[in-house]
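*Asks:* This structure is in structure tokens; I'll ask about it shortly.
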Protein chains: 2
Amino acid sequence: MTDLSPPQAGHQLLSAAEASAAIHAGTLTSEALVSACLERIAQREGDVQAWAFIDPEQALAQARALDREPPRSWLHGIPVGIKDVIDTCDMPTGYGSPIYQGHRPVADAACVAQIRELGGVILGKTVSTEFATRHPNKTRNPHRLTQTPGGSSSGSGAAVADYMVPLALGTQTSSSVIRPAAYCGVVGYKPGFGLINRAGMKFLAESLDTIGVLSRTVTDAGMLAALLSGLPVGPQSFKDGKAPRIGLCRTPWWSEASPSVQQSLLQCAERFRKAGATVDELELPAEFAELNDVQIRLSAYEFFRALSHERIRHPQLISDSLTQRIAVGGQVTRQQYEAAVALMKRCQRWMENEMSGYELLMAPSAPTEAPDIAGTGEPTFGLMWTLLQMPCMTLPCGVGQAGLPVGVQLVAACGNDIGLYRDAAWAEVQLSAH
Amino acid sequence: MTDLSPPQAGHQLLSAAEASAAIHAGTLTSEALVSACLERIAQREGDVQAWAFIDPEQALAQARALDREPPRSWLHGIPVGIKDVIDTCDMPTGYGSPIYQGHRPVADAACVAQIRELGGVILGKTVSTEFATRHPNKTRNPHRLTQTPGGSSSGSGAAVADYMVPLALGTQTSSSVIRPAAYCGVVGYKPGFGLINRAGMKFLAESLDTIGVLSRTVTDAGMLAALLSGLPVGPQSFKDGKAPRIGLCRTPWWSEASPSVQQSLLQCAERFRKAGATVDELELPAEFAELNDVQIRLSAYEFFRALSHERIRHPQLISDSLTQRIAVGGQVTRQQYEAAVALMKRCQRWMENEMSGYELLMAPSAPTEAPDIAGTGEPTFGLMWTLLQMPCMTLPCGVGQAGLPVGVQLVAACGNDIGLYRDAAWAEVQLSAH
């Protein structure tokens with residue numbers, strides 16, 4: 001029987017912040033850290049299958065070269081997994097599709113080049129679903145191998161959860177960072193729209209696609225995004241947050257959440273209250289109930305166009321489910337698209353006003369615990385926030401009825417990623433204090 | 001002495017709409033049209049140097065294959081030039097930089113694949129400045145070879161003006177469609193932000209980069225963009241427009257326009273008035289005067305990130321002027337960036353309200369006629385409109401003091417690209433009636 005327990009000891013247990021502190025103090029080398037991650041991968045990859053590409057020697061060579069330099073940044077020597085829809089010039093980038101098997105991009109994506117510049121180690125490429133859509137790939141949930149890790153950042157969620165790497169990039173168009181993080185029991189951070197530069201990522205729906213971070217702590221996720229974007233944030237920005245004013249947002253899809261997920265969110269709200277937060281219910285106007293459909297229409301219109309080369313030249317190498325979604329996108333008219341954008345903007349403005357009363361919203365991260373591996377689960381609770389362009393973070397908040405992780409999604413106002421870091425770090429403390 | 005006069009006769013004189021009608025009527029083949037364009041290129045390319053890549057046989061093979069099919073769309077059989085920052089899978093794509101000389105992308109950009117799907121002929125790749133920035137490339141202004149065609153869509157502007165091709169794609173981050181079109185005396189159309197899908201274009205500043213069209217008529221530019229985006233527009237949408245309510249917007253940079261450009265705009269307003277339009281001066285609030293600096297700051301922050309791979313791996317292959325601009329971008333803080341975005345949004349909202357009083361704004365397209373070939377001219381009159389995400393079209397409106405073309409820039413409200421087509425077509429009629 002497979003041993004699914006976390007490792008007992010070893011550098012791979014360290015958060016990026018802990019490892020960074022040790023590297024800066026001279027008590028840990030990048031080589032030792034990367035070796036520990038590679039060992040864990042060697043033990044577990046046969047089961048978990050989180051990686052689309054990994055070459056241990058290539059990773060170790062980066063680590064050794066960085067060990068010969070003084071630290072360049074907080075990220076120096078820290079391994080990062082890169083979702084395989086983000087280009088790397090020295091590793092194949094397959095976009096989760098057989099069309100691009102073995103494809104080697106001519107350049108690094110902007111965020112990958114920046115990670116190298118900051119002294120990060122590009123550990124390897126993590127598995128994506130097909131073009132970051134919903135069609136599953138090979139990865140399994142490290143908590144239970146029969147279940148999905150979620151999608152589309154499947155490999156990033158599983159690798160981080162399984163202590164193969166402390167940090168990984170994901171991307172979200174619907175719920176592709178939040179959902180896998182929730183299913184895998186880790187932190188998932190979808191920044192406000194546009195925070196991390198997207199040059200060199202494979203576009204699916206450019207008005208929604210957002211690069212995000214998966215990690216095991218709030219600090220790790222926030223620090224990586226802050227370094228890439230220049231947000232004025234240091235490790236201390238995640239400390240000493242006060243209990244925030246929280247809006248509990250059940251969303252129009254509350255009834256689609258399992259009893260276990262509902263209970264978990266309400267218990268979490270209660271814990272926040274007991275820790276001093278004010279938690280009020282936030283009621284959304286009726287038209288918010290259309291937002292999930294609006295997101296699906298808007299993104300389908302864009303899929304159809306963004307994947308033009310693939311749908312025209314390689315239709316036989318596209319999965320049936322994506323073929324159907326693309327066909328739907330081809331039927332969305334420009335008028336429907338514009339109506340979708342108009343509703344999106346109205347709801348953004350309503351939310352902008354409403355957020356003056358709250359520091360944070362809380363909502364479900366996914367409707368259920370991780371379902372069977374035949375799918376990647378439902379994006380239900382990610383669509384609206386992605387459309388509204390608001391920064392979101394999911395934190396593990398316990399175990400559901402099926403014995404698998406459940407997340408709580410924390411949401412801040414547009415432009416307030418730093419406030420999200422502070423308040424999510426506060427929430428993390430409350431959730432870990434049992 | 002070089003003959004700079006237009007060709008006397010031949011299919012290369014046809015607009016795309018005229019050629020399309022003839023192809024649909026069976027009186028013209030794509031092969032004959034493409035042959036005429038290739039002949040013109042053979043005569044003139046030594047002087048004009050508009051093309052980064054062209055292979056006559058490859059273009060003719062596409063045309064012949066299309067001639068064997070019933071027409072797929074309005075675009076069937078029509079040759080299109082593709083700016084060389086937009087990926088093509090069967091032609092090299094150099095992004096205007098020696099770093100990418102001979103680079104062959106793995107896939108077509110979305111818009112290129114769509115053009116093929118619509119039956120367009122990908123004639124070749126038109127010259128771009130370095131990464132679509134201001135550093136000039138080899139192209140010369142076909143009206144006077146000592147002058148710049150403008151940038152960054154240099155080749156697209158020159159090729160269309162010189163009757164080498166009726167349609168070409170360009171991209172605009174600052175003024176890179178409007179300026180070359182104005183300098184070359186053709187129509188340049190920068191759609192509202194996001195109208196033409198950007199998957200597979202080389203990003204410079206993703207919050208501004210916009211794919212546009214250069215052509216010799218309003219109908220041609222609008223039809224291509226409409227086909228790509230699904231706007232419900234046909235050739236008849238460009239006819240029978242009524243005289244619009246026009247806001248004459250001198251902009252805060254009026255004093256930077258040459259007397260000849262100023263006079264030309266005011267004369268143009270007078271002609272529109274005489275044709276029945278109402279033309280009022282639109283005064284902008286004081287903070288609009290900051291928008292050009294804001295655009296420069298915002299785009300520099302994004303350049304620095306988007307070009308990370310190139311600035312880190314190939315610094316010696318980047319021009320001095322771009323190296324300097326990238327360095328400036330590295331100094332822009334996230335707070336400055338966010339302040340820039342906030343001002344941009346305030347001005348967008350002001351403009352949104354104000355545009356209820358106008359169907360169209362008119363403004364200069366460029367501060368001067370085409371300057372010397374050592375540079376690519378100033379983006380002064382493009383920055384603000386790009387930042388405001390409004391659809392813009394420049395139309396040739398005469399010849400300036402230096403004997404070179406001058407354009408008038410027509411601007412519609414966000415989301416009203418169709419209104420722009422109608423009103424710009426009306427303006428085109430007035431400007432051609434002498």
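Residue numbering restarts at 1 for every chain of the structure tokens, chains are lettered A, B, ... in their displayed order, and ligands are numbered from 1 as they appear.
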Contacts from chain A to chain B, 7 Å maximum, only C-alpha atoms: show me the residue list as a CSV table (one decimal) with C-alpha atoms, in the first residue's frame.

*Replies:*
chain,number,residue,atom,x,y,z
A,107,ALA,CA,12.6,32.2,-24.9
A,108,ASP,CA,11.6,32.1,-21.3
A,110,ALA,CA,8.8,36.9,-18.6
A,113,ALA,CA,13.2,34.9,-16.7
A,114,GLN,CA,12.4,37.1,-13.7
A,197,ASN,CA,3.4,39.7,-16.3
A,199,ALA,CA,4.4,37.6,-21.8
A,203,PHE,CA,-3.2,32.3,-23.7
A,229,SER,CA,5.6,42.7,-9.6
A,230,GLY,CA,7.6,45.0,-7.4
A,231,LEU,CA,4.9,45.2,-4.7
A,305,ARG,CA,-10.1,32.8,-31.2
A,306,ALA,CA,-7.0,32.1,-29.0
A,307,LEU,CA,-6.9,28.4,-30.1
A,308,SER,CA,-7.4,29.2,-33.8
A,309,HIS,CA,-4.2,27.6,-34.9
A,333,THR,CA,-21.7,36.5,-31.0
A,334,ARG,CA,-19.8,39.7,-30.5

*Asks:* Pick out the residues sitting within 9 Å of Leu343 (chain B), and hand them over as a list in words; count only C-alpha atoms, and ignore anything fewer than 3 positions along from it in its own chain.

*Replies:* Glu287, Phe288, Glu290, Leu291, Val294, Glu338, Ala339, Ala340, Arg346, Cys347 and Gln348 of chain B

*Asks:* Suppose you want the space between CA of Gly403 (chain B) and CA of Pro149 (chain B); what is it in Å?

*Replies:*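 Between these atoms lies a distance of 14.3 Å.
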
*Asks:* Could you please determine the separation between CA of Thr323 (chain B) and CA of Ser97 (chain B) in Å, to one decimal place?

*Replies:* 12.7 Å

*Asks:* Quick one: everything within 12 Å of Gln101 (chain B), counting only C-alpha atoms, minus sequence neighbours fewer than 3 positions away in the same chain. Send it as a list in words.

*Replies:* Val106 of chain A; Ala52, Phe53, Asp84, Val85, Met91, Pro92, Thr93, Gly94, Tyr95, Gly96, Ser97, Pro98, Arg104, Pro105, Glu130 and Leu317 of chain B

*Asks:* Could you list, as an NGL selection string, every residue within 6 Å of Leu282 (chain B), counting only C-alpha atoms and ignoring same-chain residues fewer than 2 positions away?

*Replies:* :B and (247-249)

*Asks:* Using DSSP on the backbone coordinates, identify all residues within region 247-394 of chain A classified as strand (DSSP E or B); present the result as a list in words.

*Replies:*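 DSSP on the backbone gives strand (DSSP E or B) at Gly247, Leu248, Thr278, Val279, Asp280, Glu281, Leu360, Leu361, Met362, Ala363, Pro364, Asp372, Cys392, Met393 and Thr394 of chain A.
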
*Asks:* What's the 10 Å shell around Ile41 (chain A), counting only C-alpha atoms, without same-chain residues fewer than 2 positions away, as a PyMOL selection string?

*Replies:* chain A and resi 35-39+43-51+54+56+159+162-165

*Asks:* Okay, now the selection with C-alpha atoms, as an mmCIF file, in the first residue's frame?

*Replies:*
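Contents of result_6.cif, as written:
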data_model
loop_
_atom_site.group_PDB
_atom_site.id
_atom_site.type_symbol
_atom_site.label_atom_id
_atom_site.label_comp_id
_atom_site.auth_asym_id
_atom_site.auth_seq_id
_atom_site.Cartn_x
_atom_site.Cartn_y
_atom_site.Cartn_z
ATOM 1 C CA SER A 35 18.420 17.510 -3.590
ATOM 2 C CA ALA A 36 15.816 16.941 -0.892
ATOM 3 C CA CYS A 37 13.030 17.975 -3.283
ATOM 4 C CA LEU A 38 14.418 15.711 -6.006
ATOM 5 C CA GLU A 39 14.598 12.802 -3.582
ATOM 6 C CA GLN A 43 10.068 8.474 -4.242
ATOM 7 C CA ARG A 44 6.643 9.758 -5.132
ATOM 8 C CA GLU A 45 6.434 10.791 -8.760
ATOM 9 C CA GLY A 46 5.448 7.290 -9.906
ATOM 10 C CA ASP A 47 2.257 7.700 -7.888
ATOM 11 C CA VAL A 48 1.556 11.413 -8.075
ATOM 12 C CA GLN A 49 2.754 12.263 -11.606
ATOM 13 C CA ALA A 50 2.940 15.981 -10.978
ATOM 14 C CA TRP A 51 5.727 16.728 -13.448
ATOM 15 C CA ILE A 54 12.104 17.322 -14.709
ATOM 16 C CA PRO A 56 17.546 16.386 -11.779
ATOM 17 C CA ALA A 159 3.749 18.869 -6.226
ATOM 18 C CA ASP A 162 3.358 16.457 -1.690
ATOM 19 C CA TYR A 163 6.471 18.369 -0.526
ATOM 20 C CA MET A 164 8.153 18.013 -3.904
ATOM 21 C CA VAL A 165 8.651 21.782 -4.174
#

*Asks:* Arg179 (chain B): which residues within 9 Å, counting only C-alpha atoms, same-chain residues fewer than 5 positions away excluded, as a PyMOL selection string?

*Replies:* chain B and resi 149-153+157+184+188+365-366+370+376-379+381-382+394+407

*Asks:* Using only C-alpha atoms, please write the residues we just selected to a file, as an mmCIF file, in the first residue's frame.

*Replies:*
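Written output follows (again15.cif):
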data_model
loop_
_atom_site.group_PDB
_atom_site.id
_atom_site.type_symbol
_atom_site.label_atom_id
_atom_site.label_comp_id
_atom_site.auth_asym_id
_atom_site.auth_seq_id
_atom_site.Cartn_x
_atom_site.Cartn_y
_atom_site.Cartn_z
ATOM 1 C CA PRO B 149 7.550 55.706 -42.567
ATOM 2 C CA GLY B 150 6.988 56.052 -38.818
ATOM 3 C CA GLY B 151 6.997 53.223 -36.342
ATOM 4 C CA SER B 152 6.570 50.744 -35.077
ATOM 5 C CA SER B 153 4.375 49.314 -37.855
ATOM 6 C CA GLY B 157 2.443 51.526 -43.377
ATOM 7 C CA CYS B 184 2.529 57.191 -45.128
ATOM 8 C CA GLY B 188 -4.657 53.268 -39.794
ATOM 9 C CA SER B 365 -2.570 61.926 -35.697
ATOM 10 C CA ALA B 366 1.063 62.988 -35.346
ATOM 11 C CA ALA B 370 7.249 62.292 -41.482
ATOM 12 C CA THR B 376 10.538 57.042 -36.294
ATOM 13 C CA GLY B 377 8.847 60.262 -35.163
ATOM 14 C CA GLU B 378 7.025 61.163 -31.985
ATOM 15 C CA PRO B 379 4.107 59.172 -30.531
ATOM 16 C CA PHE B 381 -0.844 62.101 -30.291
ATOM 17 C CA GLY B 382 -1.280 58.362 -29.880
ATOM 18 C CA THR B 394 -6.382 58.039 -38.882
ATOM 19 C CA GLY B 407 -3.629 62.567 -41.092
#

*Asks:* Could you tell me how far CA of Thr129 (chain B) lies from CA of Ala181 (chain B), in Å and to one decimal?

*Replies:*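 Interatomic distance, CA of Thr129 (chain B) to CA of Ala181 (chain B): 14.6 Å.
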
*Asks:* When you look at Gly400 (chain A) with a cut-off of 8 Å (counting only C-alpha atoms), what residues show up, excluding the ones that are within fewer than 3 positions of it in the same chain? I need them as a PyMOL selection string.

*Replies:* chain A and resi 260-261+264+369+403-406

*Asks:* Could you please take those selected residues and save N, CA and C atoms as a short mmCIF file (atom, residue, chain, number, x, y, z; two decimals), in the first residue's frame?

*Replies:*
data_model
loop_
_atom_site.label_atom_id
_atom_site.label_comp_id
_atom_site.auth_asym_id
_atom_site.auth_seq_id
_atom_site.Cartn_x
_atom_site.Cartn_y
_atom_site.Cartn_z
N SER A 260 -20.73 19.43 3.58
CA SER A 260 -19.43 19.45 4.25
C SER A 260 -18.67 20.75 3.97
N VAL A 261 -18.73 21.21 2.73
CA VAL A 261 -18.07 22.48 2.37
C VAL A 261 -18.80 23.64 3.03
N SER A 264 -18.01 23.67 6.70
CA SER A 264 -16.62 24.07 6.89
C SER A 264 -16.47 25.59 6.80
N GLU A 369 -15.13 18.37 -1.91
CA GLU A 369 -13.77 17.87 -1.83
C GLU A 369 -13.40 17.28 -3.19
N GLY A 403 -12.96 13.03 4.01
CA GLY A 403 -11.61 12.89 4.54
C GLY A 403 -10.55 13.60 3.73
N LEU A 404 -10.99 14.52 2.87
CA LEU A 404 -10.04 15.24 2.00
C LEU A 404 -10.06 16.73 2.34
N PRO A 405 -9.03 17.46 1.88
CA PRO A 405 -8.92 18.87 2.27
C PRO A 405 -10.07 19.73 1.76
N VAL A 406 -10.41 20.74 2.55
CA VAL A 406 -11.37 21.78 2.16
C VAL A 406 -10.67 23.12 2.33
#

*Asks:* Mind checking DSSP for region 293-410 of chain B and telling me the helix (DSSP H, G or I) residues as a count of residues only?

*Replies:* 64
